[in-house]
Amino acid sequence: VQLQACGGGLVQAGEPLRLSCVVSGRTFSGVIMGWFRQAPGKEREFVATVSWSGRNSYYADSVRGRFTISRDNAKNTVYLQMDSLKPEDTAVYYCAGKSTNYSSSVYYSGNDYDYWGQGTPVTVSS
């Protein structure tokens with residue numbers, strides 16, 4: 001299974017950015033998807049997750065109301081729309097996947113995920 005994340009870059013505070021992650025090597029349905037991030041010198045942290053049905057999602061408090069996770073199962077792709085970006089959002093963003101038999105489940109612990117992408121860097125300047 002391969003996860004390929006892209007869309008990172010350098011933006012100014014307040015601007016939007018959309019990350020994408022394409023999954024290959026297995027059926028995309030049946031996989032919970034999540035986004036995590038790691039800032040320089042900090043631990044990896046949870047950002048957002050979406051169930052494989054797309055009906056349920058969950059966000060970290062720090063991004064709730066600004067970020068939106070979504071998925072297109074026909075394209076094997078999960079997205080992270082990031083609006084009103086702040087300098088503290090600067091990090092390398094990773095997509096991750098977890099196999100499941102439950103269409104509405106979500107997970108926010110990185111330890112629960114089976115597959116990881118390579119990361120895409122996001123830098124927000126003030």
# chains A, B, ... in the order shown; residues from 1 in each chain; ligands from 1
$ residues_around --residues "Glu15 of chain A" --least-positions-apart "5" --cutoff "9 Å" --atoms "only C-alpha atoms" --output "list in words"
Met82, Asp83, Ser84, Leu85, Lys86 and Val124 of chain A
$ residues_around --residues "segment 22-33 of chain A" --least-positions-apart "6" --cutoff "9 Å" --atoms "only C-alpha atoms" --output "ChimeraX atom specification"
/A:1-6,48-54,71,73-79,95-107,113,117
$ write_last_selection --atoms "C-alpha atoms" --output "mmCIF file, in the first residue's frame"
data_model
loop_
_atom_site.group_PDB
_atom_site.id
_atom_site.type_symbol
_atom_site.label_atom_id
_atom_site.label_comp_id
_atom_site.auth_asym_id
_atom_site.auth_seq_id
_atom_site.Cartn_x
_atom_site.Cartn_y
_atom_site.Cartn_z
ATOM 1 C CA VAL A 1 0.000 0.000 0.000
ATOM 2 C CA GLN A 2 1.345 3.411 -0.956
ATOM 3 C CA LEU A 3 0.151 6.828 0.161
ATOM 4 C CA GLN A 4 1.326 9.830 -1.835
ATOM 5 C CA ALA A 5 0.686 13.234 -0.283
ATOM 6 C CA CYS A 6 1.062 16.496 -2.138
ATOM 7 C CA ALA A 48 -8.162 15.233 11.266
ATOM 8 C CA THR A 49 -9.716 11.898 10.379
ATOM 9 C CA VAL A 50 -12.569 10.700 8.183
ATOM 10 C CA SER A 51 -14.402 7.371 8.141
ATOM 11 C CA TRP A 52 -14.248 5.270 5.000
ATOM 12 C CA SER A 53 -17.882 6.042 4.271
ATOM 13 C CA GLY A 54 -17.086 9.757 4.542
ATOM 14 C CA ARG A 71 -12.501 11.952 0.558
ATOM 15 C CA ASN A 73 -13.513 7.031 -2.891
ATOM 16 C CA ALA A 74 -13.798 6.891 -6.676
ATOM 17 C CA LYS A 75 -10.408 8.614 -6.929
ATOM 18 C CA ASN A 76 -8.763 6.880 -3.954
ATOM 19 C CA THR A 77 -7.999 10.326 -2.600
ATOM 20 C CA VAL A 78 -8.371 12.137 0.696
ATOM 21 C CA TYR A 79 -8.146 15.914 0.974
ATOM 22 C CA CYS A 95 -1.605 11.238 5.545
ATOM 23 C CA ALA A 96 -2.275 7.861 7.096
ATOM 24 C CA GLY A 97 -4.669 4.972 6.582
ATOM 25 C CA LYS A 98 -6.183 2.274 8.755
ATOM 26 C CA SER A 99 -7.994 -0.806 7.506
ATOM 27 C CA THR A 100 -11.439 -1.316 9.004
ATOM 28 C CA ASN A 101 -14.678 -3.235 8.616
ATOM 29 C CA TYR A 102 -16.689 -0.400 10.132
ATOM 30 C CA SER A 103 -17.924 2.292 7.766
ATOM 31 C CA SER A 104 -18.424 5.002 10.406
ATOM 32 C CA SER A 105 -15.360 4.547 12.616
ATOM 33 C CA VAL A 106 -12.673 7.181 12.988
ATOM 34 C CA TYR A 107 -9.348 7.066 14.830
ATOM 35 C CA TYR A 113 -2.831 3.590 11.693
ATOM 36 C CA GLY A 117 2.621 8.648 3.403
#
$ select_by_dssp --residues "chain A" --states "strand (DSSP E or B)" --output "ChimeraX atom specification"
/A:2-6,10-12,17-24,31-38,45-50,57-59,64,67-72,77-82,91-99,115-116,120-125
$ residues_around --residues "Ala91 of chain A" --least-positions-apart "6" --cutoff "8 Å" --atoms "only C-alpha atoms" --output "VMD selection string"
chain A and resid 37 to 40 121 to 123
$ write_last_selection --atoms "C-alpha atoms" --output "PDB file, in the first residue's frame"
ATOM      1  CA  ARG A  37       1.503  16.871  11.313  1.00  0.00           C
ATOM      2  CA  GLN A  38       4.887  17.347  12.893  1.00  0.00           C
ATOM      3  CA  ALA A  39       6.394  20.746  13.484  1.00  0.00           C
ATOM      4  CA  PRO A  40      10.155  21.190  13.914  1.00  0.00           C
ATOM      5  CA  PRO A 121       5.703  20.432   4.083  1.00  0.00           C
ATOM      6  CA  VAL A 122       3.509  23.430   4.831  1.00  0.00           C
ATOM      7  CA  THR A 123       5.025  26.762   5.816  1.00  0.00           C
TER       8      THR A 123
END
